[in-house]
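File shown: my_file.txt (compact mmCIF, N, CA and C atoms).
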```txt
# COMPACT_ATOMS: atom_id res chain seq x y z
N GLY A 11 24.36 -8.79 20.32
CA GLY A 11 25.45 -9.49 20.93
C GLY A 11 25.85 -10.71 20.16
N ALA A 12 26.33 -11.67 20.88
CA ALA A 12 26.84 -12.91 20.28
C ALA A 12 25.71 -13.70 19.62
N THR A 13 24.50 -13.58 20.14
CA THR A 13 23.37 -14.30 19.56
C THR A 13 23.10 -13.86 18.13
N GLY A 14 23.20 -12.56 17.87
CA GLY A 14 22.97 -12.04 16.52
C GLY A 14 23.97 -12.60 15.53
N LEU A 15 25.23 -12.67 15.94
CA LEU A 15 26.26 -13.23 15.05
C LEU A 15 26.00 -14.69 14.75
N SER A 16 25.59 -15.42 15.76
CA SER A 16 25.31 -16.84 15.60
C SER A 16 24.18 -17.05 14.60
N GLU A 17 23.14 -16.21 14.67
CA GLU A 17 22.01 -16.35 13.75
C GLU A 17 22.43 -16.07 12.32
N ARG A 18 23.23 -15.06 12.10
CA ARG A 18 23.70 -14.72 10.76
C ARG A 18 24.50 -15.86 10.17
N SER A 19 25.37 -16.40 10.96
CA SER A 19 26.21 -17.50 10.51
C SER A 19 25.34 -18.68 10.06
N THR A 20 24.32 -18.98 10.85
CA THR A 20 23.41 -20.07 10.51
C THR A 20 22.70 -19.79 9.20
N GLU A 21 22.26 -18.56 8.99
CA GLU A 21 21.57 -18.20 7.76
C GLU A 21 22.48 -18.37 6.55
N LYS A 22 23.76 -17.98 6.69
CA LYS A 22 24.70 -18.15 5.58
C LYS A 22 24.84 -19.62 5.21
N VAL A 23 24.94 -20.47 6.21
CA VAL A 23 25.07 -21.90 5.97
C VAL A 23 23.82 -22.42 5.27
N LYS A 24 22.64 -21.98 5.72
CA LYS A 24 21.40 -22.41 5.08
C LYS A 24 21.35 -21.96 3.64
N ALA A 25 21.76 -20.72 3.37
CA ALA A 25 21.74 -20.21 2.00
C ALA A 25 22.70 -21.01 1.13
N ALA A 26 23.89 -21.31 1.65
CA ALA A 26 24.86 -22.09 0.88
C ALA A 26 24.32 -23.49 0.60
N ALA A 27 23.66 -24.08 1.60
CA ALA A 27 23.08 -25.41 1.41
C ALA A 27 21.98 -25.37 0.35
N ASN A 28 21.16 -24.31 0.37
CA ASN A 28 20.10 -24.18 -0.63
C ASN A 28 20.68 -24.04 -2.03
N THR A 29 21.77 -23.28 -2.17
CA THR A 29 22.41 -23.11 -3.47
C THR A 29 22.95 -24.44 -3.97
N ALA A 30 23.60 -25.19 -3.08
CA ALA A 30 24.14 -26.50 -3.46
C ALA A 30 23.00 -27.44 -3.86
N ALA A 31 21.90 -27.39 -3.13
CA ALA A 31 20.75 -28.24 -3.46
C ALA A 31 20.17 -27.86 -4.81
N ALA A 32 20.11 -26.56 -5.11
CA ALA A 32 19.58 -26.12 -6.40
C ALA A 32 20.47 -26.59 -7.54
N LYS A 33 21.80 -26.52 -7.35
CA LYS A 33 22.73 -26.99 -8.39
C LYS A 33 22.57 -28.50 -8.60
N ALA A 34 22.45 -29.24 -7.49
CA ALA A 34 22.28 -30.68 -7.59
C ALA A 34 20.98 -31.01 -8.32
N GLU A 35 19.93 -30.27 -8.02
CA GLU A 35 18.63 -30.48 -8.68
C GLU A 35 18.75 -30.18 -10.17
N SER A 36 19.47 -29.13 -10.52
CA SER A 36 19.66 -28.77 -11.91
C SER A 36 20.36 -29.91 -12.66
N LYS A 37 21.36 -30.51 -12.03
CA LYS A 37 22.09 -31.61 -12.67
C LYS A 37 21.20 -32.84 -12.79
N ARG A 38 20.39 -33.11 -11.76
CA ARG A 38 19.48 -34.27 -11.81
C ARG A 38 18.43 -34.10 -12.89
N SER A 39 17.91 -32.87 -13.03
CA SER A 39 16.85 -32.65 -14.00
C SER A 39 17.43 -32.54 -15.40
N GLY A 40 18.76 -32.48 -15.49
CA GLY A 40 19.41 -32.48 -16.79
C GLY A 40 19.53 -31.11 -17.42
N GLY A 41 19.09 -30.05 -16.75
CA GLY A 41 19.19 -28.72 -17.33
C GLY A 41 20.62 -28.25 -17.38
N ARG A 42 20.84 -27.23 -18.16
CA ARG A 42 22.18 -26.63 -18.24
C ARG A 42 22.24 -25.48 -17.26
N ASP A 43 23.27 -25.47 -16.43
CA ASP A 43 23.35 -24.42 -15.43
C ASP A 43 24.09 -23.20 -15.98
N ARG A 44 23.92 -22.10 -15.30
CA ARG A 44 24.50 -20.81 -15.70
C ARG A 44 26.02 -20.91 -15.82
N GLU A 45 26.63 -21.67 -14.93
CA GLU A 45 28.09 -21.83 -14.93
C GLU A 45 28.58 -22.41 -16.25
N GLU A 46 27.91 -23.43 -16.76
CA GLU A 46 28.30 -24.04 -18.03
C GLU A 46 28.17 -23.03 -19.17
N VAL A 47 27.08 -22.27 -19.18
CA VAL A 47 26.86 -21.26 -20.22
C VAL A 47 27.97 -20.21 -20.16
N GLU A 48 28.30 -19.75 -18.96
CA GLU A 48 29.36 -18.74 -18.79
C GLU A 48 30.70 -19.26 -19.30
N GLU A 49 31.01 -20.53 -19.04
CA GLU A 49 32.27 -21.12 -19.51
C GLU A 49 32.37 -21.08 -21.03
N VAL A 50 31.29 -21.44 -21.71
CA VAL A 50 31.31 -21.46 -23.17
C VAL A 50 31.43 -20.04 -23.72
N PHE A 51 30.71 -19.09 -23.13
CA PHE A 51 30.83 -17.70 -23.57
C PHE A 51 32.25 -17.18 -23.31
N ASP A 52 32.85 -17.55 -22.19
CA ASP A 52 34.22 -17.13 -21.90
C ASP A 52 35.20 -17.69 -22.93
N ARG A 53 35.01 -18.95 -23.32
CA ARG A 53 35.88 -19.56 -24.33
C ARG A 53 35.76 -18.85 -25.67
N ASN A 54 34.61 -18.26 -25.93
CA ASN A 54 34.35 -17.64 -27.23
C ASN A 54 34.38 -16.12 -27.21
N LYS A 55 34.78 -15.52 -26.08
CA LYS A 55 34.72 -14.07 -25.98
C LYS A 55 35.66 -13.38 -26.96
N GLY A 56 36.76 -14.02 -27.32
CA GLY A 56 37.68 -13.42 -28.30
C GLY A 56 36.99 -13.18 -29.64
N ALA A 57 36.22 -14.16 -30.09
CA ALA A 57 35.50 -14.02 -31.36
C ALA A 57 34.40 -12.97 -31.26
N ILE A 58 33.72 -12.94 -30.13
CA ILE A 58 32.63 -11.96 -29.94
C ILE A 58 33.19 -10.55 -29.95
N TYR A 59 34.27 -10.33 -29.19
CA TYR A 59 34.83 -8.99 -29.11
C TYR A 59 35.58 -8.59 -30.36
N ALA A 60 36.05 -9.55 -31.15
CA ALA A 60 36.66 -9.22 -32.44
C ALA A 60 35.60 -8.59 -33.35
N LEU A 61 34.39 -9.16 -33.34
CA LEU A 61 33.29 -8.59 -34.14
C LEU A 61 32.96 -7.18 -33.66
N TYR A 62 32.90 -7.01 -32.35
CA TYR A 62 32.60 -5.69 -31.78
C TYR A 62 33.69 -4.68 -32.13
N ASN A 63 34.95 -5.08 -31.99
CA ASN A 63 36.06 -4.16 -32.27
C ASN A 63 36.10 -3.75 -33.73
N ARG A 64 35.73 -4.65 -34.64
CA ARG A 64 35.65 -4.28 -36.06
C ARG A 64 34.57 -3.23 -36.28
N ALA A 65 33.42 -3.43 -35.62
CA ALA A 65 32.31 -2.48 -35.76
C ALA A 65 32.67 -1.12 -35.15
N LEU A 66 33.52 -1.13 -34.11
CA LEU A 66 33.96 0.12 -33.48
C LEU A 66 34.74 1.01 -34.45
N ARG A 67 35.42 0.40 -35.40
CA ARG A 67 36.19 1.18 -36.37
C ARG A 67 35.28 2.12 -37.16
N ASP A 68 34.07 1.62 -37.49
CA ASP A 68 33.11 2.43 -38.23
C ASP A 68 32.33 3.38 -37.33
N ASN A 69 32.14 2.98 -36.07
CA ASN A 69 31.36 3.79 -35.14
C ASN A 69 32.04 3.77 -33.77
N PRO A 70 32.97 4.70 -33.52
CA PRO A 70 33.70 4.71 -32.25
C PRO A 70 32.81 4.91 -31.01
N ALA A 71 31.59 5.38 -31.18
CA ALA A 71 30.68 5.60 -30.05
C ALA A 71 29.82 4.35 -29.75
N LEU A 72 30.04 3.28 -30.49
CA LEU A 72 29.22 2.07 -30.34
C LEU A 72 29.45 1.42 -28.98
N GLN A 73 28.38 1.35 -28.18
CA GLN A 73 28.45 0.71 -26.88
C GLN A 73 27.05 0.41 -26.38
N GLY A 74 26.97 -0.47 -25.37
CA GLY A 74 25.69 -0.77 -24.76
C GLY A 74 25.52 -2.24 -24.44
N LYS A 75 24.33 -2.56 -23.98
CA LYS A 75 24.00 -3.92 -23.58
C LYS A 75 23.19 -4.60 -24.69
N LEU A 76 23.51 -5.87 -24.90
CA LEU A 76 22.80 -6.72 -25.84
C LEU A 76 22.32 -7.93 -25.05
N VAL A 77 21.04 -8.27 -25.17
CA VAL A 77 20.51 -9.45 -24.50
C VAL A 77 20.07 -10.45 -25.56
N LEU A 78 20.66 -11.64 -25.49
CA LEU A 78 20.34 -12.71 -26.45
C LEU A 78 19.51 -13.79 -25.77
N LYS A 79 18.65 -14.43 -26.55
CA LYS A 79 17.93 -15.62 -26.09
C LYS A 79 18.39 -16.76 -26.99
N LEU A 80 18.94 -17.81 -26.38
CA LEU A 80 19.42 -18.93 -27.18
C LEU A 80 18.89 -20.25 -26.66
N THR A 81 18.76 -21.18 -27.58
CA THR A 81 18.31 -22.53 -27.24
C THR A 81 19.45 -23.49 -27.52
N ILE A 82 19.83 -24.25 -26.48
CA ILE A 82 20.91 -25.21 -26.58
C ILE A 82 20.30 -26.61 -26.64
N GLU A 83 20.62 -27.34 -27.68
CA GLU A 83 20.08 -28.68 -27.89
C GLU A 83 20.85 -29.71 -27.07
N PRO A 84 20.28 -30.91 -26.88
CA PRO A 84 20.98 -31.96 -26.12
C PRO A 84 22.37 -32.30 -26.69
N ASP A 85 22.54 -32.18 -28.01
CA ASP A 85 23.85 -32.49 -28.60
C ASP A 85 24.87 -31.38 -28.40
N GLY A 86 24.45 -30.27 -27.77
CA GLY A 86 25.36 -29.17 -27.49
C GLY A 86 25.34 -28.05 -28.51
N SER A 87 24.58 -28.23 -29.59
CA SER A 87 24.51 -27.19 -30.61
C SER A 87 23.50 -26.11 -30.19
N VAL A 88 23.67 -24.93 -30.76
CA VAL A 88 22.73 -23.83 -30.51
C VAL A 88 21.76 -23.81 -31.69
N SER A 89 20.50 -24.17 -31.43
CA SER A 89 19.53 -24.28 -32.53
C SER A 89 18.89 -22.95 -32.87
N SER A 90 18.84 -22.03 -31.90
CA SER A 90 18.30 -20.72 -32.20
C SER A 90 18.96 -19.68 -31.30
N CYS A 91 19.06 -18.48 -31.84
CA CYS A 91 19.60 -17.36 -31.08
C CYS A 91 18.96 -16.12 -31.66
N GLU A 92 18.43 -15.28 -30.78
CA GLU A 92 17.80 -14.05 -31.24
C GLU A 92 18.07 -12.92 -30.25
N VAL A 93 17.98 -11.71 -30.75
CA VAL A 93 18.17 -10.53 -29.93
C VAL A 93 16.87 -10.24 -29.18
N VAL A 94 16.93 -10.20 -27.86
CA VAL A 94 15.78 -9.85 -27.04
C VAL A 94 15.72 -8.34 -26.89
N SER A 95 16.87 -7.71 -26.63
CA SER A 95 16.95 -6.26 -26.55
C SER A 95 18.38 -5.83 -26.87
N SER A 96 18.51 -4.60 -27.35
CA SER A 96 19.83 -4.10 -27.70
C SER A 96 19.89 -2.59 -27.56
N GLU A 97 20.97 -2.13 -26.97
CA GLU A 97 21.27 -0.70 -26.90
C GLU A 97 22.28 -0.32 -27.99
N LEU A 98 22.76 -1.30 -28.74
CA LEU A 98 23.81 -1.06 -29.73
C LEU A 98 23.32 -0.27 -30.94
N GLU A 99 22.08 -0.50 -31.32
CA GLU A 99 21.51 0.16 -32.51
C GLU A 99 22.38 -0.04 -33.75
N ASP A 100 22.84 -1.30 -33.91
CA ASP A 100 23.67 -1.67 -35.06
C ASP A 100 23.21 -3.06 -35.53
N PRO A 101 22.17 -3.09 -36.39
CA PRO A 101 21.61 -4.38 -36.82
C PRO A 101 22.63 -5.31 -37.47
N ASP A 102 23.61 -4.76 -38.18
CA ASP A 102 24.62 -5.59 -38.84
C ASP A 102 25.47 -6.31 -37.78
N LEU A 103 25.94 -5.58 -36.78
CA LEU A 103 26.73 -6.20 -35.71
C LEU A 103 25.89 -7.21 -34.95
N GLU A 104 24.65 -6.87 -34.64
CA GLU A 104 23.77 -7.79 -33.92
C GLU A 104 23.60 -9.09 -34.68
N ALA A 105 23.41 -9.00 -36.00
CA ALA A 105 23.25 -10.20 -36.83
C ALA A 105 24.52 -11.05 -36.81
N LYS A 106 25.68 -10.38 -36.86
CA LYS A 106 26.96 -11.11 -36.83
C LYS A 106 27.15 -11.81 -35.48
N LEU A 107 26.78 -11.13 -34.40
CA LEU A 107 26.91 -11.73 -33.07
C LEU A 107 25.98 -12.93 -32.92
N VAL A 108 24.76 -12.81 -33.40
CA VAL A 108 23.81 -13.94 -33.36
C VAL A 108 24.38 -15.12 -34.16
N GLY A 109 24.90 -14.83 -35.34
CA GLY A 109 25.50 -15.89 -36.16
C GLY A 109 26.66 -16.57 -35.47
N ARG A 110 27.48 -15.79 -34.78
CA ARG A 110 28.64 -16.36 -34.08
C ARG A 110 28.19 -17.24 -32.93
N VAL A 111 27.20 -16.79 -32.16
CA VAL A 111 26.72 -17.58 -31.02
C VAL A 111 26.12 -18.90 -31.51
N LYS A 112 25.50 -18.89 -32.68
CA LYS A 112 24.94 -20.14 -33.23
C LYS A 112 26.02 -21.17 -33.53
N LEU A 113 27.27 -20.73 -33.63
CA LEU A 113 28.38 -21.65 -33.87
C LEU A 113 28.95 -22.24 -32.57
N PHE A 114 28.54 -21.71 -31.42
CA PHE A 114 29.04 -22.21 -30.14
C PHE A 114 28.68 -23.69 -29.98
N ARG A 115 29.53 -24.41 -29.28
CA ARG A 115 29.27 -25.82 -28.98
C ARG A 115 29.36 -26.03 -27.48
N PHE A 116 28.28 -26.56 -26.92
CA PHE A 116 28.24 -26.90 -25.51
C PHE A 116 28.45 -28.40 -25.38
N GLU A 117 28.66 -28.86 -24.16
CA GLU A 117 28.82 -30.29 -23.91
C GLU A 117 27.50 -31.00 -24.22
N ALA A 118 27.58 -32.15 -24.90
CA ALA A 118 26.37 -32.95 -25.16
C ALA A 118 25.87 -33.50 -23.82
N LYS A 119 24.55 -33.44 -23.63
CA LYS A 119 23.94 -33.92 -22.38
C LYS A 119 22.63 -34.63 -22.71
N ASP A 120 22.32 -35.61 -21.90
CA ASP A 120 21.04 -36.31 -22.05
C ASP A 120 19.99 -35.47 -21.33
N THR A 121 19.47 -34.46 -22.05
CA THR A 121 18.54 -33.52 -21.47
C THR A 121 17.65 -32.93 -22.56
N ALA A 122 16.63 -32.25 -22.14
CA ALA A 122 15.79 -31.53 -23.11
C ALA A 122 16.54 -30.27 -23.55
N ALA A 123 16.09 -29.69 -24.65
CA ALA A 123 16.65 -28.42 -25.10
C ALA A 123 16.47 -27.38 -23.99
N THR A 124 17.46 -26.52 -23.82
CA THR A 124 17.45 -25.50 -22.77
C THR A 124 17.48 -24.12 -23.41
N THR A 125 16.54 -23.27 -23.03
CA THR A 125 16.51 -21.90 -23.54
C THR A 125 16.90 -20.95 -22.40
N ILE A 126 17.86 -20.09 -22.68
CA ILE A 126 18.33 -19.14 -21.67
C ILE A 126 18.47 -17.75 -22.30
N THR A 127 18.53 -16.75 -21.46
CA THR A 127 18.87 -15.41 -21.94
C THR A 127 20.27 -15.09 -21.42
N LYS A 128 21.01 -14.36 -22.24
CA LYS A 128 22.39 -14.02 -21.90
C LYS A 128 22.65 -12.56 -22.22
N PRO A 129 22.89 -11.72 -21.19
CA PRO A 129 23.24 -10.33 -21.45
C PRO A 129 24.73 -10.19 -21.76
N LEU A 130 25.05 -9.32 -22.68
CA LEU A 130 26.46 -9.01 -23.02
C LEU A 130 26.62 -7.50 -22.99
N ASP A 131 27.66 -7.03 -22.36
CA ASP A 131 27.94 -5.61 -22.30
C ASP A 131 29.11 -5.27 -23.22
N PHE A 132 28.93 -4.26 -24.03
CA PHE A 132 29.98 -3.83 -24.95
C PHE A 132 30.33 -2.38 -24.67
N PHE A 133 31.58 -2.16 -24.28
CA PHE A 133 32.08 -0.82 -24.03
C PHE A 133 33.49 -0.73 -24.58
N PRO A 134 33.80 0.34 -25.34
CA PRO A 134 35.15 0.45 -25.90
C PRO A 134 36.20 0.61 -24.80
N ALA A 135 37.36 -0.01 -25.02
CA ALA A 135 38.47 0.15 -24.06
C ALA A 135 39.07 1.53 -24.24
N ASN A 136 39.44 2.15 -23.17
CA ASN A 136 40.03 3.49 -23.25
C ASN A 136 41.52 3.43 -23.16
```

Starting from the file, lay out its structure as structure tokens.
Amino acid sequence: GATGLSERSTEKVKAAANTAAAKAESKRSGGRDREEVEEVFDRNKGAIYALYNRALRDNPALQGKLVLKLTIEPDGSVSSCEVVSSELEDPDLEAKLVGRVKLFRFEAKDTAATTITKPLDFFPAN
């Protein structure tokens, strides 16, 4: 009945409050949040997909998931980037993508270096 709806509503509010608290904690601790990482990848997706589209010319069946591990320094530079896993089976493309991500620039922050993993999906447009 109405009691069940009331309980669900309360749980949603608690979950939203917990998410907001986690974001606030992330900012206080100086870490880089997922949202910031996504923004930078979105700004650079044209360059990433240009590399993929060039590789597609040689191998039209090229597709799959690539997972990168990158370290973002306090000055916003990417100090390291490596392939954690790849379904692409194209070492040349993977190396070019790693090189491109190392050129990314994040906002400078007074924080320790942050290491994250970032999955990227590559599928040819039909």

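Nearest to A:Asp120 of all the residues A:Lys106, A:Lys79, A:Gly41, A:Ser89 is A:Gly41, counting only N, CA and C atoms.
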
Q.
Report as a list of chain:residue names all protein, DNA and RNA residues lying within 6.5 Å of A:Ala122, evaluated on all atoms listed in the file, omitting residues in the same chain fewer than 4 positions from it.
A. A:Gly40, A:Gly41, A:Ile82, A:Glu83, A:Pro84

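Between atom CA of A:Asn69 and atom CA of A:Arg53 there is a distance of 26.1 Å.
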
Q. At what distance in Å, to one decimal, does atom CA of A:Leu61 lie from atom C of A:Phe114?
A. 16.3 Å

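For the atom pair formed by atom CA of A:Glu92 and atom CA of A:Phe51, the distance is 15.6 Å, given to one decimal.
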
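With distances restricted to only C-alpha atoms, A:Ile126 is the closest residue to A:Glu48 from A:Ile126, A:Leu107, A:Leu76, A:Leu98.
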
**Q.** Spatial neighbours of A:Val88, max dist 7 Å, all atoms listed in the file, sep filter under 3 positions, as a ChimeraX atom specification
**A.** /A:80-83,85,91,111-116

Q: Could you give me, as a list of chain:residue names, the residues within 10 Å of A:Leu66, counting only C-alpha atoms and dropping anything in the same chain fewer than 6 positions from it?
A: A:Ala60, A:Leu72, A:Gln73, A:Leu103, A:Phe133, A:Pro134

All heavy atoms are what I want for stretch 124-135 of chain A; can you complete it accordingly and write them as a tab-separated table (two decimals), in the coordinates of the input?
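This went into rebuild_7.tsv:
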```tsv
chain	number	residue	atom	x	y	z
A	124	THR	N	17.46	-26.52	-23.82
A	124	THR	CA	17.45	-25.50	-22.77
A	124	THR	C	17.48	-24.12	-23.41
A	124	THR	O	18.34	-23.85	-24.24
A	124	THR	CB	18.69	-25.66	-21.86
A	124	THR	OG1	18.73	-27.00	-21.36
A	124	THR	CG2	18.65	-24.69	-20.71
A	125	THR	N	16.54	-23.27	-23.03
A	125	THR	CA	16.51	-21.90	-23.54
A	125	THR	C	16.90	-20.95	-22.40
A	125	THR	O	16.34	-21.04	-21.30
A	125	THR	CB	15.11	-21.54	-24.08
A	125	THR	OG1	14.80	-22.45	-25.14
A	125	THR	CG2	15.07	-20.12	-24.60
A	126	ILE	N	17.86	-20.09	-22.68
A	126	ILE	CA	18.33	-19.14	-21.67
A	126	ILE	C	18.47	-17.75	-22.30
A	126	ILE	O	18.53	-17.62	-23.52
A	126	ILE	CB	19.70	-19.57	-21.09
A	126	ILE	CG1	20.75	-19.70	-22.19
A	126	ILE	CG2	19.61	-20.86	-20.33
A	126	ILE	CD1	21.96	-18.89	-21.93
A	127	THR	N	18.53	-16.75	-21.46
A	127	THR	CA	18.87	-15.41	-21.94
A	127	THR	C	20.27	-15.09	-21.42
A	127	THR	O	20.65	-15.51	-20.33
A	127	THR	CB	17.88	-14.33	-21.45
A	127	THR	OG1	17.83	-14.38	-20.03
A	127	THR	CG2	16.50	-14.55	-22.03
A	128	LYS	N	21.01	-14.36	-22.24
A	128	LYS	CA	22.39	-14.02	-21.90
A	128	LYS	C	22.65	-12.56	-22.22
A	128	LYS	O	22.62	-12.15	-23.38
A	128	LYS	CB	23.34	-14.92	-22.69
A	128	LYS	CG	24.80	-14.55	-22.59
A	128	LYS	CD	25.35	-14.75	-21.21
A	128	LYS	CE	26.85	-14.43	-21.19
A	128	LYS	NZ	27.29	-13.96	-19.92
A	129	PRO	N	22.89	-11.72	-21.19
A	129	PRO	CA	23.24	-10.33	-21.45
A	129	PRO	C	24.73	-10.19	-21.76
A	129	PRO	O	25.56	-10.90	-21.18
A	129	PRO	CB	22.90	-9.63	-20.13
A	129	PRO	CG	22.99	-10.70	-19.10
A	129	PRO	CD	22.70	-12.01	-19.78
A	130	LEU	N	25.05	-9.32	-22.68
A	130	LEU	CA	26.46	-9.01	-23.02
A	130	LEU	C	26.62	-7.50	-22.99
A	130	LEU	O	25.79	-6.77	-23.57
A	130	LEU	CB	26.80	-9.53	-24.42
A	130	LEU	CG	26.70	-11.03	-24.65
A	130	LEU	CD1	26.81	-11.35	-26.13
A	130	LEU	CD2	27.78	-11.76	-23.88
A	131	ASP	N	27.66	-7.03	-22.36
A	131	ASP	CA	27.94	-5.61	-22.30
A	131	ASP	C	29.11	-5.27	-23.22
A	131	ASP	O	30.14	-5.93	-23.15
A	131	ASP	CB	28.27	-5.17	-20.87
A	131	ASP	CG	27.07	-5.26	-19.95
A	131	ASP	OD1	25.98	-4.82	-20.34
A	131	ASP	OD2	27.23	-5.80	-18.84
A	132	PHE	N	28.93	-4.26	-24.03
A	132	PHE	CA	29.98	-3.83	-24.95
A	132	PHE	C	30.33	-2.38	-24.67
A	132	PHE	O	29.48	-1.49	-24.81
A	132	PHE	CB	29.49	-3.97	-26.40
A	132	PHE	CG	29.27	-5.40	-26.81
A	132	PHE	CD1	28.02	-5.96	-26.77
A	132	PHE	CD2	30.34	-6.18	-27.23
A	132	PHE	CE1	27.80	-7.27	-27.14
A	132	PHE	CE2	30.14	-7.51	-27.61
A	132	PHE	CZ	28.88	-8.05	-27.56
A	133	PHE	N	31.58	-2.16	-24.28
A	133	PHE	CA	32.08	-0.82	-24.03
A	133	PHE	C	33.49	-0.73	-24.58
A	133	PHE	O	34.29	-1.63	-24.33
A	133	PHE	CB	32.07	-0.48	-22.54
A	133	PHE	CG	30.67	-0.43	-21.98
A	133	PHE	CD1	30.16	-1.51	-21.29
A	133	PHE	CD2	29.87	0.68	-22.18
A	133	PHE	CE1	28.86	-1.49	-20.79
A	133	PHE	CE2	28.56	0.71	-21.69
A	133	PHE	CZ	28.07	-0.38	-20.99
A	134	PRO	N	33.80	0.34	-25.34
A	134	PRO	CA	35.15	0.45	-25.90
A	134	PRO	C	36.20	0.61	-24.80
A	134	PRO	O	35.94	1.24	-23.78
A	134	PRO	CB	35.09	1.70	-26.76
A	134	PRO	CG	33.83	2.41	-26.41
A	134	PRO	CD	32.95	1.45	-25.68
A	135	ALA	N	37.36	-0.01	-25.02
A	135	ALA	CA	38.47	0.15	-24.06
A	135	ALA	C	39.07	1.53	-24.24
A	135	ALA	O	39.17	2.03	-25.37
A	135	ALA	CB	39.52	-0.92	-24.32
```
